[in-house]
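K.L.:
I am sharing entry-v1.txt, which consists of compact mmCIF, C-alpha atoms:
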# COMPACT_ATOMS: atom_id res chain seq x y z
CA MET A 3 -44.44 -165.15 -21.92
CA VAL A 4 -47.39 -167.22 -20.68
CA ASN A 5 -47.37 -170.13 -18.24
CA LEU A 6 -49.06 -172.85 -20.28
CA LYS A 7 -49.76 -175.75 -17.94
CA PRO A 8 -49.12 -179.23 -19.35
CA VAL A 9 -51.85 -181.78 -20.02
CA ASP A 10 -51.55 -185.54 -20.05
CA ARG A 11 -53.35 -185.91 -23.36
CA VAL A 12 -55.18 -183.88 -25.98
CA GLU A 13 -57.74 -185.25 -28.43
CA ILE A 14 -58.70 -183.25 -31.51
CA LEU A 15 -61.89 -184.46 -33.19
CA SER A 16 -62.41 -183.26 -36.77
CA VAL A 17 -66.05 -182.13 -36.68
CA MET A 18 -65.76 -180.47 -40.11
CA ASP A 19 -63.15 -180.42 -42.85
CA ASN A 20 -63.02 -180.46 -46.66
CA SER A 21 -62.87 -184.24 -47.05
CA ILE A 22 -64.12 -187.51 -45.63
CA ASP A 23 -63.00 -191.09 -46.20
CA VAL A 24 -65.00 -193.54 -44.10
CA LEU A 25 -62.76 -196.47 -45.10
CA MET A 26 -59.49 -194.89 -43.99
CA GLY A 27 -57.57 -196.95 -41.44
CA SER A 28 -56.54 -195.82 -37.99
CA THR A 29 -52.94 -195.11 -36.97
CA PRO A 30 -51.31 -194.71 -33.55
CA VAL A 31 -52.28 -191.01 -33.72
CA ALA A 32 -55.42 -190.97 -35.89
CA LYS A 33 -58.43 -192.83 -34.51
CA ARG A 34 -60.99 -193.20 -37.29
CA LEU A 35 -64.71 -193.29 -36.56
CA LYS A 36 -65.88 -196.89 -36.22
CA ARG A 37 -68.75 -197.90 -38.48
CA GLY A 38 -71.35 -200.25 -37.08
CA SER A 39 -73.43 -202.78 -38.99
CA ASP A 40 -76.22 -200.19 -39.29
CA ALA A 41 -73.94 -197.37 -40.53
CA HIS A 42 -75.84 -196.86 -43.80
CA SER A 43 -79.20 -196.49 -42.10
CA LYS A 44 -78.04 -193.60 -39.92
CA PRO A 45 -77.39 -189.93 -40.83
CA GLN A 46 -74.03 -189.56 -42.57
CA LEU A 47 -71.18 -187.20 -41.75
CA ARG A 48 -70.75 -184.24 -44.09
CA ALA A 49 -67.62 -182.65 -45.51
CA GLU A 50 -67.67 -178.97 -46.48
CA HIS A 51 -65.18 -176.22 -47.32
CA GLY A 52 -64.81 -175.27 -43.70
CA VAL A 53 -63.23 -176.19 -40.38
CA SER A 54 -64.38 -177.18 -36.92
CA MET A 55 -62.46 -179.12 -34.28
CA LEU A 56 -63.54 -180.38 -30.88
CA VAL A 57 -60.50 -180.00 -28.62
CA SER A 58 -60.49 -182.09 -25.43
CA THR A 59 -57.73 -181.96 -22.84
CA PHE A 60 -57.11 -184.52 -20.10
CA ALA A 61 -55.23 -183.54 -16.96
CA ASP A 62 -55.37 -184.58 -13.28
CA GLY A 63 -58.24 -186.93 -14.05
CA ALA A 64 -60.41 -184.20 -15.58
CA LYS A 65 -61.61 -183.78 -19.17
CA ASP A 66 -62.34 -180.30 -20.59
CA SER A 67 -63.51 -179.51 -24.12
CA PHE A 68 -64.03 -176.51 -26.39
CA LEU A 69 -64.91 -175.96 -30.04
CA PHE A 70 -62.42 -174.38 -32.43
CA ASP A 71 -64.32 -172.82 -35.39
CA THR A 72 -67.85 -173.59 -36.56
CA GLY A 73 -67.71 -174.32 -40.31
CA VAL A 74 -69.18 -172.69 -43.42
CA THR A 75 -72.90 -173.47 -43.13
CA VAL A 76 -75.42 -172.79 -40.41
CA ASP A 77 -76.23 -176.46 -39.88
CA GLY A 78 -73.22 -178.47 -41.10
CA VAL A 79 -71.29 -178.60 -37.84
CA LEU A 80 -74.49 -179.13 -35.84
CA HIS A 81 -75.37 -182.08 -38.07
CA ASN A 82 -71.93 -183.65 -37.59
CA MET A 83 -72.04 -183.00 -33.85
CA ASP A 84 -75.28 -184.98 -33.74
CA VAL A 85 -73.77 -187.85 -35.73
CA LEU A 86 -70.67 -187.83 -33.53
CA GLU A 87 -72.75 -187.44 -30.35
CA VAL A 88 -70.99 -184.24 -29.28
CA LYS A 89 -72.92 -182.33 -26.60
CA GLY A 90 -72.60 -178.61 -27.26
CA ASN A 91 -73.92 -177.60 -23.87
CA GLU A 92 -70.96 -179.33 -22.21
CA LEU A 93 -68.32 -177.16 -23.92
CA HIS A 94 -66.22 -174.61 -22.06
CA ALA A 95 -65.88 -172.16 -24.97
CA VAL A 96 -66.16 -171.60 -28.70
CA VAL A 97 -63.01 -170.11 -30.22
CA LEU A 98 -63.01 -168.49 -33.67
CA SER A 99 -59.70 -168.59 -35.51
CA HIS A 100 -60.71 -165.53 -37.57
CA GLY A 101 -63.78 -163.92 -39.13
CA HIS A 102 -63.99 -165.66 -42.52
CA THR A 103 -67.28 -167.35 -43.33
CA ASP A 104 -65.89 -170.89 -43.64
CA HIS A 105 -64.93 -170.77 -39.96
CA THR A 106 -67.78 -168.80 -38.40
CA ARG A 107 -71.09 -169.37 -40.24
CA GLY A 108 -72.16 -172.18 -37.94
CA LEU A 109 -71.84 -170.00 -34.82
CA MET A 110 -75.38 -168.59 -34.85
CA GLY A 111 -76.79 -172.04 -35.54
CA PHE A 112 -74.90 -173.31 -32.50
CA ILE A 113 -76.24 -170.49 -30.33
CA LYS A 114 -79.82 -170.93 -31.55
CA ARG A 115 -79.65 -174.69 -30.93
CA TYR A 116 -78.44 -174.41 -27.35
CA GLY A 117 -80.59 -171.45 -26.34
CA ARG A 118 -78.26 -168.68 -25.30
CA PRO A 119 -75.60 -170.92 -23.81
CA ARG A 120 -73.31 -169.44 -21.20
CA VAL A 121 -70.41 -170.57 -23.32
CA PRO A 122 -67.85 -167.82 -23.96
CA ILE A 123 -67.21 -166.90 -27.60
CA VAL A 124 -63.51 -166.04 -27.99
CA LEU A 125 -62.47 -163.93 -30.98
CA HIS A 126 -60.25 -161.09 -32.15
CA PRO A 127 -62.15 -157.78 -32.62
CA ASP A 128 -61.23 -157.67 -36.34
CA ALA A 129 -63.25 -160.85 -36.86
CA TYR A 130 -66.34 -158.63 -37.29
CA LEU A 131 -64.90 -156.87 -40.37
CA LYS A 132 -66.84 -157.17 -43.61
CA ARG A 133 -64.39 -158.40 -46.25
CA LYS A 134 -64.15 -159.44 -49.86
CA ASN A 135 -61.55 -160.75 -52.28
CA ILE A 136 -61.11 -158.98 -55.61
CA GLN A 137 -59.69 -161.11 -58.43
CA PRO A 138 -57.61 -159.72 -61.34
CA ASP A 139 -60.63 -160.01 -63.66
CA GLY A 140 -62.68 -157.90 -61.27
CA HIS A 141 -64.71 -160.78 -59.84
CA GLU A 142 -65.53 -160.26 -56.16
CA SER A 143 -66.32 -162.81 -53.47
CA GLU A 144 -67.65 -161.54 -50.16
CA HIS A 145 -67.19 -163.01 -46.71
CA ILE A 146 -70.06 -163.00 -44.23
CA PRO A 147 -68.52 -162.17 -40.84
CA PRO A 148 -70.06 -162.85 -37.45
CA SER A 149 -72.34 -160.01 -36.36
CA LYS A 150 -71.52 -158.43 -33.02
CA LYS A 151 -75.04 -157.01 -32.86
CA ASP A 152 -76.58 -160.47 -33.33
CA LEU A 153 -74.28 -162.02 -30.74
CA GLU A 154 -75.11 -159.33 -28.19
CA ALA A 155 -78.82 -159.83 -28.89
CA GLU A 156 -78.42 -163.48 -27.91
CA ASP A 157 -76.88 -162.44 -24.59
CA VAL A 158 -73.81 -164.65 -24.96
CA GLU A 159 -70.50 -163.94 -23.25
CA ILE A 160 -68.06 -162.46 -25.76
CA ILE A 161 -64.32 -162.37 -25.10
CA GLU A 162 -62.69 -159.98 -27.58
CA GLU A 163 -58.91 -159.97 -27.35
CA ARG A 164 -56.11 -158.86 -29.64
CA GLY A 165 -53.68 -160.53 -27.27
CA PRO A 166 -53.60 -164.05 -25.82
CA THR A 167 -56.43 -165.74 -23.95
CA MET A 168 -56.00 -168.67 -21.58
CA LEU A 169 -58.71 -171.33 -21.35
CA ILE A 170 -59.55 -174.35 -19.14
CA GLY A 171 -57.36 -173.49 -16.21
CA ASP A 172 -54.41 -172.18 -18.24
CA ARG A 173 -54.13 -175.46 -20.16
CA ALA A 174 -55.07 -174.05 -23.58
CA LEU A 175 -53.67 -170.91 -25.16
CA VAL A 176 -55.45 -168.83 -27.80
CA THR A 177 -52.55 -166.88 -29.29
CA GLY A 178 -54.38 -163.72 -30.29
CA GLN A 179 -52.74 -161.64 -33.02
CA ILE A 180 -49.66 -163.37 -34.45
CA PRO A 181 -46.51 -161.37 -35.37
CA ARG A 182 -45.66 -161.47 -39.08
CA THR A 183 -41.91 -161.98 -39.38
CA THR A 184 -41.41 -164.59 -42.12
CA PRO A 185 -40.59 -162.77 -45.41
CA PHE A 186 -42.50 -165.09 -47.74
CA GLU A 187 -45.69 -165.20 -45.64
CA LYS A 188 -47.41 -162.09 -46.96
CA GLY A 189 -51.08 -162.73 -46.15
CA SER A 190 -53.83 -162.40 -48.76
CA PRO A 191 -52.91 -159.54 -51.13
CA ARG A 192 -56.30 -159.44 -52.88
CA GLN A 193 -58.41 -158.99 -49.79
CA VAL A 194 -60.07 -155.72 -48.81
CA ALA A 195 -62.14 -154.83 -45.75
CA LEU A 196 -64.77 -152.22 -44.99
CA ILE A 197 -62.97 -149.97 -42.50
CA ASP A 198 -64.21 -146.53 -41.47
CA GLY A 199 -66.88 -146.64 -44.15
CA ARG A 200 -64.67 -147.44 -47.14
CA TRP A 201 -63.03 -150.49 -48.70
CA GLN A 202 -59.36 -150.62 -47.77
CA PRO A 203 -56.55 -153.13 -48.37
CA ASP A 204 -56.60 -155.81 -45.66
CA PRO A 205 -53.99 -158.41 -46.66
CA TRP A 206 -52.77 -159.35 -43.18
CA ILE A 207 -56.01 -160.65 -41.61
CA HIS A 208 -54.77 -159.71 -38.15
CA ASP A 209 -57.59 -161.60 -36.45
CA ASP A 210 -56.03 -164.94 -37.44
CA GLN A 211 -55.12 -166.82 -34.26
CA ALA A 212 -54.18 -170.35 -33.26
CA ILE A 213 -54.60 -172.79 -30.36
CA VAL A 214 -51.56 -174.08 -28.44
CA ILE A 215 -51.59 -177.05 -26.04
CA ASN A 216 -48.58 -178.28 -24.02
CA VAL A 217 -48.64 -182.08 -23.80
CA LYS A 218 -46.51 -183.62 -21.08
CA ASP A 219 -43.33 -185.32 -22.38
CA LYS A 220 -44.26 -184.39 -25.97
CA GLY A 221 -44.18 -180.63 -26.48
CA LEU A 222 -46.52 -178.17 -28.14
CA VAL A 223 -49.56 -179.12 -30.21
CA VAL A 224 -50.50 -176.19 -32.45
CA LEU A 225 -53.90 -175.92 -34.17
CA THR A 226 -54.59 -173.53 -37.03
CA GLY A 227 -57.87 -172.62 -38.69
CA CYS A 228 -56.72 -171.22 -42.03
CA GLY A 229 -53.22 -170.17 -41.04
CA HIS A 230 -53.54 -166.76 -42.71
CA ALA A 231 -50.78 -165.53 -40.41
CA GLY A 232 -48.56 -168.19 -42.00
CA VAL A 233 -47.92 -171.57 -40.45
CA VAL A 234 -44.25 -170.67 -39.93
CA ASN A 235 -45.14 -167.42 -38.17
CA THR A 236 -47.67 -169.33 -36.09
CA LEU A 237 -45.16 -171.92 -34.90
CA LYS A 238 -42.61 -169.20 -34.10
CA CYS A 239 -45.28 -167.40 -32.10
CA ALA A 240 -46.16 -170.56 -30.15
CA ARG A 241 -42.53 -171.00 -29.17
CA GLU A 242 -42.02 -167.38 -28.21
CA MET A 243 -45.23 -167.09 -26.19
CA THR A 244 -44.67 -170.27 -24.18
CA GLY A 245 -40.88 -170.52 -24.04
CA ILE A 246 -41.25 -174.17 -25.12
CA GLN A 247 -39.17 -175.04 -28.17
CA GLN A 248 -40.43 -178.52 -29.04
CA ILE A 249 -43.23 -178.46 -31.62
CA HIS A 250 -44.71 -181.95 -31.42
CA ALA A 251 -47.69 -181.51 -33.74
CA VAL A 252 -49.20 -178.98 -36.13
CA ILE A 253 -52.77 -179.61 -37.25
CA GLY A 254 -55.09 -177.51 -39.41
CA GLY A 255 -55.29 -175.33 -42.49
CA PHE A 256 -52.02 -173.89 -43.82
CA HIS A 257 -53.54 -171.80 -46.64
CA LEU A 258 -51.19 -172.93 -49.40
CA THR A 259 -53.72 -173.63 -52.15
CA GLY A 260 -54.30 -171.60 -55.31
CA PRO A 261 -52.04 -169.62 -57.65
CA ILE A 262 -51.22 -166.89 -55.12
CA PHE A 263 -49.98 -169.28 -52.46
CA GLU A 264 -48.53 -172.27 -54.32
CA PRO A 265 -45.23 -170.40 -54.96
CA ILE A 266 -44.55 -170.43 -51.20
CA VAL A 267 -45.20 -174.15 -50.74
CA GLN A 268 -41.53 -175.09 -51.09
CA PRO A 269 -40.13 -172.44 -48.72
CA THR A 270 -42.85 -173.32 -46.22
CA ILE A 271 -41.88 -176.99 -46.29
CA GLN A 272 -38.21 -176.10 -45.87
CA ALA A 273 -39.05 -173.93 -42.87
CA LEU A 274 -41.24 -176.65 -41.35
CA LYS A 275 -38.26 -179.01 -41.44
CA GLU A 276 -36.50 -176.73 -38.97
CA PHE A 277 -39.33 -177.30 -36.47
CA ASN A 278 -39.23 -181.06 -37.11
CA PRO A 279 -42.76 -181.90 -35.89
CA SER A 280 -43.51 -185.50 -35.02
CA VAL A 281 -47.09 -185.13 -36.30
CA ILE A 282 -48.31 -182.94 -39.17
CA VAL A 283 -51.95 -182.97 -40.27
CA PRO A 284 -52.72 -180.57 -43.15
CA GLN A 285 -56.41 -179.75 -43.51
CA HIS A 286 -58.90 -177.49 -45.27
CA CYS A 287 -57.10 -174.80 -47.33
CA THR A 288 -53.66 -176.45 -47.38
CA GLY A 289 -54.36 -177.65 -50.92
CA TRP A 290 -53.63 -180.72 -53.02
CA LYS A 291 -50.11 -179.74 -54.08
CA ALA A 292 -48.90 -178.77 -50.62
CA THR A 293 -50.50 -181.79 -48.94
CA HIS A 294 -48.83 -184.22 -51.33
CA LEU A 295 -45.44 -182.56 -50.91
CA ILE A 296 -45.84 -182.59 -47.12
CA ALA A 297 -46.71 -186.28 -47.29
CA ARG A 298 -43.53 -186.92 -49.27
CA GLU A 299 -41.18 -184.72 -47.25
CA PHE A 300 -42.60 -185.68 -43.83
CA ALA A 301 -43.34 -189.33 -44.49
CA ASP A 302 -43.16 -190.38 -40.85
CA ALA A 303 -45.01 -187.36 -39.44
CA PHE A 304 -47.77 -186.91 -42.05
CA VAL A 305 -51.26 -188.03 -41.08
CA PRO A 306 -54.19 -187.56 -43.50
CA ASN A 307 -57.35 -186.18 -42.00
CA SER A 308 -60.98 -187.15 -42.50
CA VAL A 309 -64.13 -185.75 -40.90
CA GLY A 310 -64.87 -187.85 -37.83
CA THR A 311 -61.21 -188.64 -37.10
CA THR A 312 -59.79 -188.00 -33.62
CA MET A 313 -56.09 -187.17 -33.36
CA VAL A 314 -54.81 -188.44 -29.99
CA ILE A 315 -51.57 -187.07 -28.56
CA GLY A 316 -50.34 -188.11 -25.14
CA VAL A 317 -51.45 -190.81 -22.70
Take the structure in the file and give it back as structure tokens.

P.N.:
Amino acid sequence: MVNLKPVDRVEILSVMDNSIDVLMGSTPVAKRLKRGSDAHSKPQLRAEHGVSMLVSTFADGAKDSFLFDTGVTVDGVLHNMDVLEVKGNELHAVVLSHGHTDHTRGLMGFIKRYGRPRVPIVLHPDAYLKRKNIQPDGHESEHIPPSKKDLEAEDVEIIEERGPTMLIGDRALVTGQIPRTTPFEKGSPRQVALIDGRWQPDPWIHDDQAIVINVKDKGLVVLTGCGHAGVVNTLKCAREMTGIQQIHAVIGGFHLTGPIFEPIVQPTIQALKEFNPSVIVPQHCTGWKATHLIAREFADAFVPNSVGTTMVIGV
């Protein structure tokens, strides 16, 4: 069990996600990006099939920030960081949820932009695996993983951990490898990885990890990239690792889209009810069907996301 120190407030800025709605209204939790009178003359935010979040914690009068995932293109997250006026050289770390391209492709662009920043890159060692998905018709789609050789050539600090990593003075937890205990969360059965020189089944995606923040008087805020470990497994892991039972918010991709995963939408929603989060923000690969059912079943907790939105939890 880890000692996860509480923070007064956490702010999660959506730097990249699958959708953007510049007219969406703010809520007590979701602070939408304000548009000035010259909004149309400035560079516009982009939405892509990828994820990146700027996570900022506030405690004892100090603000600390790190980036969680880097999106699917080399320049997409950098572009949005410029529009949002995010300073990459002020970050404490870059954390990769796993090695899939839609979460890691922007990493080298980030490193090139900031000239070998002394910003630690936190990842699971399996994130380097070359992977592909093989469809029933034989069609293959390859993932482009981060290259350890390229990262080492840039002389960046790399933190490779299968277990948990603590950041910003023990106020942010990177879970590391998440135990798989929920029967219906079976990973990605059509994925293979190049291991020991040959393509082998790799359904579990063991490098999938989450971020956990403990907000004072609220409980745990859990952030997922794709949620390949399963959002239920992830929330169980957050509880077990911290000893804190209250899940206040879950934000991120739940990987419930497509014909393989839609059959587990209903059992996932039923299991989420047992955690009873006050805030639930499905993103990225959660999918249309699951998002609409979550909105219906968690009417008070559901918050729609949009690139440029900041979720604010705490005071």

K.L.:
Please write as a PyMOL selection string the list of polymer residues whose atoms come within 12 Å of (-74.2, -174.6, -31.5), counting all atoms listed in the file and keeping to the coordinates of the file.

P.N.:
chain A and resi 54+68-73+75-84+88-93+95-96+106-123+158

K.L.:
Please check which residues have atoms at most 10 Å from (-57.7, -170.3, -30.1) in the file's coordinates, counting all atoms listed in the file, and write them as a PyMOL selection string.

P.N.:
chain A and resi 68-71+95-100+124-126+166-169+174-178+210-215+224-227

K.L.:
Compile a residue-level contact table for region 149-223 of chain A against region 9-33 of chain A at a cut-off of 7 Å, reporting for every qualifying residue the shortest atom pair and its distance in Å to one decimal, with only C-alpha atoms counted, rows ordered by chain and ascending number, as CSV.

P.N.:
residue,atom,partner,partner_atom,distance
A:Arg173,CA,A:Val9,CA,6.7
A:Asn216,CA,A:Val9,CA,6.2
A:Val217,CA,A:Val9,CA,5.0
A:Lys218,CA,A:Asp10,CA,5.5

K.L.:
Which of these residues is nearest to Thr311 (chain A), using only C-alpha atoms: A:Arg34, A:Ile136, A:Phe277, A:Phe263?

P.N.:
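That would be A:Arg34, the residue with the smallest distance to Thr311 (chain A).
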
K.L.:
Would you work out the distance separating CA of Ala301 (chain A) from CA of His230 (chain A), expressed in Å to one decimal?

P.N.:
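One can read the CA of Ala301 (chain A) to CA of His230 (chain A) distance as 24.8 Å.
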
K.L.:
Using all atoms listed in the file, which of the listed residues (A:Val223, A:Ile197, A:Met3, A:Ile266) sits closest to Ile282 (chain A)?

P.N.:
A:Val223

K.L.:
With a distance cut-off of 12 Å and only C-alpha atoms, select the neighbouring residues of Ala273 (chain A), excluding the residue or stretch itself and same-chain residues fewer than 5 positions from it, and output the selection as number ranges by chain.

P.N.:
A: 184-187, 232-238, 266-268, 278-279, 296, 299

K.L.:
Dump C-alpha atoms for the selected residues as an mmCIF file, in the frame of the given file?

P.N.:
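Okay, this is what ended up in part-v6.cif:
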data_model
loop_
_atom_site.group_PDB
_atom_site.id
_atom_site.type_symbol
_atom_site.label_atom_id
_atom_site.label_comp_id
_atom_site.auth_asym_id
_atom_site.auth_seq_id
_atom_site.Cartn_x
_atom_site.Cartn_y
_atom_site.Cartn_z
ATOM 1 C CA THR A 184 -41.410 -164.590 -42.120
ATOM 2 C CA PRO A 185 -40.590 -162.770 -45.410
ATOM 3 C CA PHE A 186 -42.500 -165.090 -47.740
ATOM 4 C CA GLU A 187 -45.690 -165.200 -45.640
ATOM 5 C CA GLY A 232 -48.560 -168.190 -42.000
ATOM 6 C CA VAL A 233 -47.920 -171.570 -40.450
ATOM 7 C CA VAL A 234 -44.250 -170.670 -39.930
ATOM 8 C CA ASN A 235 -45.140 -167.420 -38.170
ATOM 9 C CA THR A 236 -47.670 -169.330 -36.090
ATOM 10 C CA LEU A 237 -45.160 -171.920 -34.900
ATOM 11 C CA LYS A 238 -42.610 -169.200 -34.100
ATOM 12 C CA ILE A 266 -44.550 -170.430 -51.200
ATOM 13 C CA VAL A 267 -45.200 -174.150 -50.740
ATOM 14 C CA GLN A 268 -41.530 -175.090 -51.090
ATOM 15 C CA ASN A 278 -39.230 -181.060 -37.110
ATOM 16 C CA PRO A 279 -42.760 -181.900 -35.890
ATOM 17 C CA ILE A 296 -45.840 -182.590 -47.120
ATOM 18 C CA GLU A 299 -41.180 -184.720 -47.250
#

K.L.:
Could you tell me which of A:Lys275, A:Met313, A:His286, A:Leu131 comes closest to Asp198 (chain A) if we count all atoms listed in the file?

P.N.:
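Between A:Lys275, A:Met313, A:His286, A:Leu131, the residue approaching Asp198 (chain A) most closely is A:Leu131.
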
K.L.:
From the set A:Asn135, A:Ser308, A:Ser190, A:Ser149, which residue has the shortest atom-to-atom contact distance to Leu47 (chain A), counting only C-alpha atoms?

P.N.:
A:Ser308

K.L.:
Centre and edge lengths, as JSON, for the axis-aligned box enclosing every listed atom of region 13-29 of chain A with 8 Å of padding on each of the six sides, in Å to one decimal?

P.N.:
{"center_x": -59.5, "center_y": -188.7, "center_z": -37.7, "size_x": 29.1, "size_y": 32.5, "size_z": 34.6}

K.L.:
Suppose you want the space between CA of Val252 (chain A) and CA of Gln193 (chain A); what is it in Å?

P.N.:
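Here the two named atoms are 25.9 Å from each other.
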
K.L.:
Figure out the distance between CA of Asp128 (chain A) and CA of Pro205 (chain A), please, to one decimal in Å.

P.N.:
12.6 Å

K.L.:
From the options A:Ser67, A:Val85, A:Lys134, A:Pro127, which residue's atoms come nearest to Ile161 (chain A), counting only C-alpha atoms?

P.N.:
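Selected residue with least distance to Ile161 (chain A): A:Pro127.
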
K.L.:
Using only C-alpha atoms, find the one residue out of A:Glu264, A:Ala251, A:Ala231, A:Thr270 that sits nearest to Val283 (chain A).

P.N.:
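Smallest separation from Val283 (chain A) among the options: A:Ala251.
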
K.L.:
I'd like the neighbourhood of Gly229 (chain A) as a list in words, where a residue qualifies if any of its atoms comes within 6 Å (using all atoms listed in the file), though same-chain residues fewer than 6 positions away should be ignored.

P.N.:
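Counting only the stated atoms, we get Gly255, Phe256 and His257 of chain A.
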
K.L.:
Quick one: region 238-252 of chain A from the block, N, CA, C and O atoms, as a compact mmCIF listing (two decimals), in the first residue's frame.

P.N.:
# COMPACT_ATOMS: atom_id res chain seq x y z
N LYS A 238 -10.55 -0.79 -8.89
CA LYS A 238 -10.22 -1.71 -7.80
C LYS A 238 -8.76 -1.54 -7.39
O LYS A 238 -8.44 -1.50 -6.20
N CYS A 239 -7.90 -1.42 -8.39
CA CYS A 239 -6.47 -1.27 -8.12
C CYS A 239 -6.20 0.03 -7.36
O CYS A 239 -5.40 0.04 -6.41
N ALA A 240 -6.86 1.11 -7.74
CA ALA A 240 -6.67 2.39 -7.06
C ALA A 240 -7.04 2.28 -5.58
O ALA A 240 -6.33 2.80 -4.71
N ARG A 241 -8.14 1.62 -5.32
CA ARG A 241 -8.55 1.41 -3.92
C ARG A 241 -7.53 0.58 -3.15
O ARG A 241 -7.13 0.92 -2.03
N GLU A 242 -7.13 -0.53 -3.76
CA GLU A 242 -6.24 -1.45 -3.06
C GLU A 242 -4.86 -0.84 -2.82
O GLU A 242 -4.25 -1.05 -1.77
N MET A 243 -4.37 -0.07 -3.78
CA MET A 243 -3.03 0.48 -3.64
C MET A 243 -2.97 1.61 -2.62
O MET A 243 -1.95 1.80 -1.96
N THR A 244 -4.07 2.36 -2.48
CA THR A 244 -4.06 3.52 -1.59
C THR A 244 -4.74 3.27 -0.26
O THR A 244 -4.51 4.01 0.70
N GLY A 245 -5.61 2.26 -0.20
CA GLY A 245 -6.40 2.02 1.00
C GLY A 245 -7.55 3.00 1.15
O GLY A 245 -8.23 3.02 2.18
N ILE A 246 -7.79 3.81 0.12
CA ILE A 246 -8.88 4.80 0.14
C ILE A 246 -10.03 4.25 -0.69
O ILE A 246 -9.86 3.91 -1.87
N GLN A 247 -11.20 4.15 -0.11
CA GLN A 247 -12.33 3.50 -0.77
C GLN A 247 -13.14 4.43 -1.67
O GLN A 247 -13.72 4.00 -2.65
N GLN A 248 -13.19 5.72 -1.33
CA GLN A 248 -14.05 6.64 -2.07
C GLN A 248 -13.45 7.00 -3.42
O GLN A 248 -12.41 7.63 -3.51
N ILE A 249 -14.14 6.58 -4.49
CA ILE A 249 -13.78 6.99 -5.85
C ILE A 249 -14.63 8.22 -6.18
O ILE A 249 -15.83 8.11 -6.41
N HIS A 250 -14.02 9.38 -6.21
CA HIS A 250 -14.78 10.60 -6.48
C HIS A 250 -14.98 10.81 -7.98
O HIS A 250 -16.07 11.22 -8.41
N ALA A 251 -13.94 10.55 -8.77
CA ALA A 251 -14.03 10.82 -10.20
C ALA A 251 -13.23 9.80 -10.99
O ALA A 251 -12.17 9.34 -10.54
N VAL A 252 -13.75 9.45 -12.17
CA VAL A 252 -13.01 8.63 -13.13
C VAL A 252 -13.11 9.33 -14.48
O VAL A 252 -14.20 9.66 -14.95
